[in-house]
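Novice: Just data-v1.pdb, nothing more (PDB, C-alpha atoms):
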MODEL        1
ATOM      1  CA  MET A   1      -1.587 -14.219  32.068
ATOM      2  CA  LYS A   2      -1.015 -11.031  30.076
ATOM      3  CA  GLN A   3       1.933  -8.662  30.576
ATOM      4  CA  ASP A   4       1.855  -4.874  30.413
ATOM      5  CA  TRP A   5       4.192  -3.432  27.783
ATOM      6  CA  LYS A   6       5.058   0.154  27.020
ATOM      7  CA  PRO A   7       2.776   1.715  24.378
ATOM      8  CA  GLY A   8       3.737   0.723  20.837
ATOM      9  CA  THR A   9       2.464   0.086  17.350
ATOM     10  CA  MET A  10       1.180  -3.474  17.526
ATOM     11  CA  VAL A  11      -1.790  -3.406  15.147
ATOM     12  CA  TYR A  12      -0.812  -6.185  12.730
ATOM     13  CA  PRO A  13      -0.894  -7.515  10.067
ATOM     14  CA  LEU A  14      -0.818  -4.558   7.695
ATOM     15  CA  PRO A  15      -0.592  -4.422   3.928
ATOM     16  CA  ALA A  16       2.975  -4.007   2.678
ATOM     17  CA  VAL A  17       2.516  -1.490  -0.119
ATOM     18  CA  LEU A  18       4.726   0.323  -2.578
ATOM     19  CA  VAL A  19       3.816   3.990  -2.714
ATOM     20  CA  SER A  20       4.778   5.643  -5.977
ATOM     21  CA  CYS A  21       5.281   9.376  -6.246
ATOM     22  CA  GLY A  22       6.889  11.998  -8.464
ATOM     23  CA  SER A  23       5.504  13.926 -11.414
ATOM     24  CA  THR A  24       8.321  13.354 -13.934
ATOM     25  CA  PRO A  25      10.388  10.243 -14.730
ATOM     26  CA  GLU A  26      13.421  11.915 -13.130
ATOM     27  CA  ASP A  27      11.432  12.333  -9.891
ATOM     28  CA  TYR A  28       9.669   8.960  -9.858
ATOM     29  CA  ASN A  29      10.236   7.112  -6.613
ATOM     30  CA  LEU A  30       8.914   4.164  -4.680
ATOM     31  CA  ILE A  31       8.693   3.901  -0.917
ATOM     32  CA  THR A  32       7.619   0.853   1.037
ATOM     33  CA  VAL A  33       4.919   1.695   3.559
ATOM     34  CA  ALA A  34       3.106  -0.409   6.135
ATOM     35  CA  TRP A  35       1.571   2.533   8.001
ATOM     36  CA  THR A  36      -1.354   2.799   5.606
ATOM     37  CA  GLY A  37      -5.047   2.121   5.567
ATOM     38  CA  THR A  38      -8.605   3.096   4.820
ATOM     39  CA  ILE A  39     -10.015   5.948   6.879
ATOM     40  CA  CYS A  40     -13.368   6.615   5.186
ATOM     41  CA  SER A  41     -15.691   4.807   2.765
ATOM     42  CA  ASN A  42     -17.794   7.712   1.552
ATOM     43  CA  PRO A  43     -15.980   9.680   0.295
ATOM     44  CA  PRO A  44     -13.275   7.067  -0.214
ATOM     45  CA  MET A  45     -10.164   8.142   1.691
ATOM     46  CA  CYS A  46      -6.966   6.534   2.866
ATOM     47  CA  TYR A  47      -3.668   7.539   4.384
ATOM     48  CA  ILE A  48       0.026   6.844   4.416
ATOM     49  CA  SER A  49       2.455   7.873   7.151
ATOM     50  CA  VAL A  50       6.015   8.772   6.148
ATOM     51  CA  ARG A  51       9.015   9.942   8.153
ATOM     52  CA  PRO A  52       9.977  13.528   7.196
ATOM     53  CA  GLU A  53      13.620  12.507   6.651
ATOM     54  CA  ARG A  54      12.683  10.030   3.915
ATOM     55  CA  HIS A  55      13.538  11.051   0.340
ATOM     56  CA  SER A  56       9.903  10.525  -0.757
ATOM     57  CA  HIS A  57       8.573  12.925   1.866
ATOM     58  CA  ALA A  58       9.771  16.017  -0.038
ATOM     59  CA  ILE A  59       8.336  14.616  -3.291
ATOM     60  CA  LEU A  60       4.996  13.956  -1.603
ATOM     61  CA  MET A  61       4.918  17.457  -0.113
ATOM     62  CA  LYS A  62       5.744  19.030  -3.490
ATOM     63  CA  ASN A  63       3.220  17.114  -5.606
ATOM     64  CA  MET A  64       0.529  16.244  -3.027
ATOM     65  CA  GLU A  65      -0.313  13.065  -4.964
ATOM     66  CA  PHE A  66       0.668   9.417  -4.689
ATOM     67  CA  VAL A  67      -0.393   5.913  -5.644
ATOM     68  CA  ILE A  68      -0.754   3.051  -3.173
ATOM     69  CA  ASN A  69       0.290  -0.061  -5.108
ATOM     70  CA  LEU A  70      -0.684  -3.306  -3.392
ATOM     71  CA  THR A  71       2.043  -5.940  -3.447
ATOM     72  CA  THR A  72       2.155  -9.699  -3.856
ATOM     73  CA  GLU A  73       4.291 -12.557  -2.595
ATOM     74  CA  ASP A  74       6.159 -12.395  -5.926
ATOM     75  CA  MET A  75       6.934  -8.745  -5.216
ATOM     76  CA  ALA A  76       8.243  -9.358  -1.671
ATOM     77  CA  TYR A  77      11.953  -8.896  -2.478
ATOM     78  CA  ALA A  78      11.323  -5.663  -4.408
ATOM     79  CA  THR A  79       8.995  -4.420  -1.663
ATOM     80  CA  ASP A  80      11.641  -4.913   1.006
ATOM     81  CA  TRP A  81      14.456  -3.526  -1.168
ATOM     82  CA  CYS A  82      12.514  -0.352  -1.940
ATOM     83  CA  GLY A  83      12.034   0.158   1.793
ATOM     84  CA  VAL A  84      15.699  -0.066   2.765
ATOM     85  CA  ARG A  85      17.252   1.820  -0.171
ATOM     86  CA  SER A  86      16.906   5.543  -0.769
ATOM     87  CA  GLY A  87      15.519   6.995  -3.967
ATOM     88  CA  LYS A  88      18.170   9.694  -3.812
ATOM     89  CA  ASP A  89      20.759   6.953  -4.481
ATOM     90  CA  TYR A  90      18.824   4.555  -6.737
ATOM     91  CA  ASN A  91      16.220   4.494  -9.460
ATOM     92  CA  LYS A  92      14.070   1.924  -7.696
ATOM     93  CA  PHE A  93      11.898   1.140 -10.722
ATOM     94  CA  GLN A  94      14.999   0.234 -12.757
ATOM     95  CA  GLU A  95      16.837  -1.558  -9.954
ATOM     96  CA  MET A  96      13.860  -3.821  -9.179
ATOM     97  CA  ASN A  97      12.673  -4.245 -12.783
ATOM     98  CA  LEU A  98       9.334  -2.657 -11.979
ATOM     99  CA  THR A  99       7.371  -0.862 -14.680
ATOM    100  CA  PRO A 100       6.134   2.689 -14.119
ATOM    101  CA  GLY A 101       2.738   2.981 -15.776
ATOM    102  CA  LYS A 102       0.403   5.871 -16.460
ATOM    103  CA  ALA A 103      -2.120   6.714 -13.781
ATOM    104  CA  SER A 104      -5.553   7.823 -14.957
ATOM    105  CA  VAL A 105      -6.086  10.823 -12.663
ATOM    106  CA  VAL A 106      -2.932  11.676 -10.698
ATOM    107  CA  ASN A 107       0.347  12.812 -12.211
ATOM    108  CA  CYS A 108       2.569  10.103 -10.750
ATOM    109  CA  PRO A 109       3.244   6.541 -11.879
ATOM    110  CA  ILE A 110       1.522   3.318 -10.983
ATOM    111  CA  VAL A 111       3.452   0.051 -10.614
ATOM    112  CA  GLU A 112       2.285  -2.127 -13.514
ATOM    113  CA  GLU A 113       3.181  -5.334 -11.621
ATOM    114  CA  SER A 114       0.801  -4.416  -8.794
ATOM    115  CA  PRO A 115      -2.624  -6.102  -8.793
ATOM    116  CA  LEU A 116      -4.313  -2.923  -7.523
ATOM    117  CA  CYS A 117      -3.207   0.709  -7.742
ATOM    118  CA  ILE A 118      -5.035   3.316  -5.655
ATOM    119  CA  GLU A 119      -4.592   6.848  -6.978
ATOM    120  CA  CYS A 120      -4.668   9.474  -4.228
ATOM    121  CA  LYS A 121      -4.721  13.263  -3.909
ATOM    122  CA  VAL A 122      -3.536  14.608  -0.561
ATOM    123  CA  LYS A 123      -6.183  16.496   1.353
ATOM    124  CA  GLU A 124      -4.246  17.189   4.551
ATOM    125  CA  VAL A 125      -0.839  16.497   6.113
ATOM    126  CA  ILE A 126      -0.680  16.053   9.876
ATOM    127  CA  SER A 127       2.640  15.995  11.721
ATOM    128  CA  LEU A 128       2.314  13.322  14.393
ATOM    129  CA  GLY A 129       5.858  12.930  15.748
ATOM    130  CA  SER A 130       8.114  10.408  14.027
ATOM    131  CA  HIS A 131       5.804  10.381  10.967
ATOM    132  CA  ASP A 132       3.655  12.777   8.962
ATOM    133  CA  MET A 133       0.268  11.399   7.975
ATOM    134  CA  PHE A 134      -0.847  12.140   4.418
ATOM    135  CA  ILE A 135      -4.640  11.978   4.407
ATOM    136  CA  ALA A 136      -5.873  11.578   0.859
ATOM    137  CA  ASP A 137      -8.956  11.310  -1.294
ATOM    138  CA  VAL A 138      -9.030   8.193  -3.467
ATOM    139  CA  VAL A 139      -9.572   9.567  -6.971
ATOM    140  CA  ASN A 140      -9.224   6.354  -9.006
ATOM    141  CA  VAL A 141      -8.495   2.657  -8.612
ATOM    142  CA  LYS A 142      -6.777   0.593 -11.318
ATOM    143  CA  ALA A 143      -7.381  -3.162 -11.003
ATOM    144  CA  ASP A 144      -5.524  -5.797 -13.016
ATOM    145  CA  ASP A 145      -8.167  -7.749 -14.942
ATOM    146  CA  LYS A 146      -6.141 -10.967 -14.743
ATOM    147  CA  TYR A 147      -7.645 -11.335 -11.256
ATOM    148  CA  LEU A 148     -11.215 -11.500 -12.531
ATOM    149  CA  ASN A 149     -12.681 -14.888 -11.622
ATOM    150  CA  SER A 150     -14.907 -17.062 -13.828
ATOM    151  CA  THR A 151     -17.997 -15.038 -12.870
ATOM    152  CA  GLY A 152     -16.299 -11.710 -13.659
ATOM    153  CA  LYS A 153     -15.826 -10.755  -9.998
ATOM    154  CA  TRP A 154     -12.471  -9.262  -9.079
ATOM    155  CA  ASP A 155     -10.570 -11.549  -6.661
ATOM    156  CA  LEU A 156      -7.604  -9.882  -4.919
ATOM    157  CA  SER A 157      -6.812 -13.070  -2.977
ATOM    158  CA  ALA A 158      -5.794 -14.716  -6.280
ATOM    159  CA  SER A 159      -2.834 -12.290  -6.442
ATOM    160  CA  ASP A 160      -1.276 -13.746  -3.243
ATOM    161  CA  PRO A 161      -1.206 -10.444  -1.309
ATOM    162  CA  LEU A 162       1.807  -9.554   0.818
ATOM    163  CA  VAL A 163       1.375  -8.385   4.413
ATOM    164  CA  TYR A 164       3.752  -7.021   7.032
ATOM    165  CA  LEU A 165       3.692  -8.448  10.550
ATOM    166  CA  HIS A 166       5.981  -6.940  13.200
ATOM    167  CA  GLY A 167       9.167  -6.967  11.117
ATOM    168  CA  GLY A 168       8.313  -9.814   8.733
ATOM    169  CA  TYR A 169       6.605 -10.263   5.383
ATOM    170  CA  TYR A 170       3.952 -12.962   4.994
ATOM    171  CA  GLY A 171       1.435 -14.315   2.548
ATOM    172  CA  LEU A 172      -2.146 -14.856   3.603
ATOM    173  CA  GLY A 173      -3.420 -18.146   4.964
ATOM    174  CA  LYS A 174      -6.561 -19.975   3.969
ATOM    175  CA  LYS A 175      -9.893 -18.178   3.890
ATOM    176  CA  ILE A 176     -11.942 -18.979   6.989
ATOM    177  CA  GLY A 177     -15.069 -16.954   6.330
ATOM    178  CA  LYS A 178     -16.507 -13.894   4.642
ATOM    179  CA  PHE A 179     -17.972 -10.660   5.923
ATOM    180  CA  GLY A 180     -21.286 -11.436   7.620
ATOM    181  CA  TRP A 181     -20.981 -15.234   7.532
ATOM    182  CA  SER A 182     -21.379 -15.454  11.313
ATOM    183  CA  VAL A 183     -24.916 -14.096  11.151
ATOM    184  CA  GLU A 184     -26.141 -15.469   7.811
ATOM    185  CA  LYS A 185     -29.401 -17.349   7.849
ATOM    186  CA  ASN A 186     -29.287 -20.965   6.721
ATOM    187  CA  LYS A 187     -30.150 -20.926   3.007
ATOM    188  CA  LYS A 188     -31.307 -24.569   2.855
ATOM    189  CA  LYS A 189     -34.878 -25.142   1.688
TER     190      LYS A 189
ENDMDL
END
Represent the structure of the file as structure tokens.
Specialist:
Amino acid sequence: MKQDWKPGTMVYPLPAVLVSCGSTPEDYNLITVAWTGTICSNPPMCYISVRPERHSHAILMKNMEFVINLTTEDMAYATDWCGVRSGKDYNKFQEMNLTPGKASVVNCPIVEESPLCIECKVKEVISLGSHDMFIADVVNVKADDKYLNSTGKWDLSASDPLVYLHGGYYGLGKKIGKFGWSVEKNKKK
């Protein structure tokens, strides 16, 4: 039997990402975000949602650029720490021994330890209530080549991605299929 609950945000799991922002080293900041995702394939677009009272919000509004840095199980502690500490009180890159790298298109840093860095330019900001949604065009993706497999295909699962599930951080379980496997024709001859 299912129970009725009050409306809430129960779409899980979500990627636990570090969003980097700021146009100068003095402004660089990291914010942990789980309210993020893809919203369009062509053109490639994604979003992040940030509370207006967060330190990063003003930086995002000023620069209108950010990088979504995917995280790994090895980055779990830093990911959590950057979400509960304010950038107005700490230099999060220094405190967590993370390396700010040069983005190719946007004027804010990437996180060198991240397996995948998605450079974004804000197209629109929508105030939704507790959060403002930053809708952005994806202008570049930087992928760490250490996750290329033996055939040269990039394999994000090899990085041990970190996800957020209703208050907890988790790694991924075993792969149980691939897109379209349920309708593939038998390839035996």
Novice: Using all atoms listed in the file, which residues sit within 12 Å of Ile59 (chain A) once same-chain residues fewer than 6 positions away are excluded, as an NGL selection string?
Specialist: :A and (19-24 or 26-31 or 50 or 52-53 or 65-66 or 87-88 or 108)
Novice: Restrict the selected residues to C-alpha atoms and save them as an mmCIF file, in the frame of the given file.
Specialist:
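Resulting contents of selection-v8.cif:
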data_model
loop_
_atom_site.group_PDB
_atom_site.id
_atom_site.type_symbol
_atom_site.label_atom_id
_atom_site.label_comp_id
_atom_site.auth_asym_id
_atom_site.auth_seq_id
_atom_site.Cartn_x
_atom_site.Cartn_y
_atom_site.Cartn_z
ATOM 1 C CA VAL A 19 3.816 3.990 -2.714
ATOM 2 C CA SER A 20 4.778 5.643 -5.977
ATOM 3 C CA CYS A 21 5.281 9.376 -6.246
ATOM 4 C CA GLY A 22 6.889 11.998 -8.464
ATOM 5 C CA SER A 23 5.504 13.926 -11.414
ATOM 6 C CA THR A 24 8.321 13.354 -13.934
ATOM 7 C CA GLU A 26 13.421 11.915 -13.130
ATOM 8 C CA ASP A 27 11.432 12.333 -9.891
ATOM 9 C CA TYR A 28 9.669 8.960 -9.858
ATOM 10 C CA ASN A 29 10.236 7.112 -6.613
ATOM 11 C CA LEU A 30 8.914 4.164 -4.680
ATOM 12 C CA ILE A 31 8.693 3.901 -0.917
ATOM 13 C CA VAL A 50 6.015 8.772 6.148
ATOM 14 C CA PRO A 52 9.977 13.528 7.196
ATOM 15 C CA GLU A 53 13.620 12.507 6.651
ATOM 16 C CA GLU A 65 -0.313 13.065 -4.964
ATOM 17 C CA PHE A 66 0.668 9.417 -4.689
ATOM 18 C CA GLY A 87 15.519 6.995 -3.967
ATOM 19 C CA LYS A 88 18.170 9.694 -3.812
ATOM 20 C CA CYS A 108 2.569 10.103 -10.750
#
Novice: For the PyMOL selection byres ((chain A and resi 18) around 10), applied here, can you spell out every residue it catches as a ChimeraX atom specification?
Specialist: /A:15-17,19-21,29-34,67-71,75,78-80,82-83,110-111,114,117
Novice: To one decimal in Å, tell me the separation between CA of Ser56 (chain A) and CA of Met133 (chain A).
Specialist: 13.0 Å
Novice: Using all atoms listed in the file, what table do you get, as CSV, when you list each residue of region 67-173 of chain A with an atom no more than 6 Å from region 37-47 of chain A, its nearest pair of atoms, and their distance in Å rounded to one decimal, rows by chain then rising number?
Specialist:
residue,atom,partner,partner_atom,distance
A:Phe134,CA,A:Tyr47,CA,5.4
A:Ile135,CA,A:Tyr47,CA,4.5
A:Ala136,CA,A:Cys46,CA,5.5
A:Asp137,CA,A:Met45,CA,4.5
A:Val138,CA,A:Met45,CA,5.3
Novice: Do you know which residues are at most 7 Å from Pro161 (chain A) counting all atoms listed in the file, after dropping those on the same chain fewer than 4 positions away, and could you put them as a list in words?
Specialist: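 In the requested format, the answer is Thr71, Thr72, Glu73, Ser157, Gly171 and Leu172 of chain A.
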Novice: At what distance in Å, to one decimal, does CA of Ala58 (chain A) lie from CA of Leu128 (chain A)?
Specialist: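 Atom-to-atom, CA of Leu128 (chain A) and CA of Ala58 (chain A) are spaced 16.5 Å apart.
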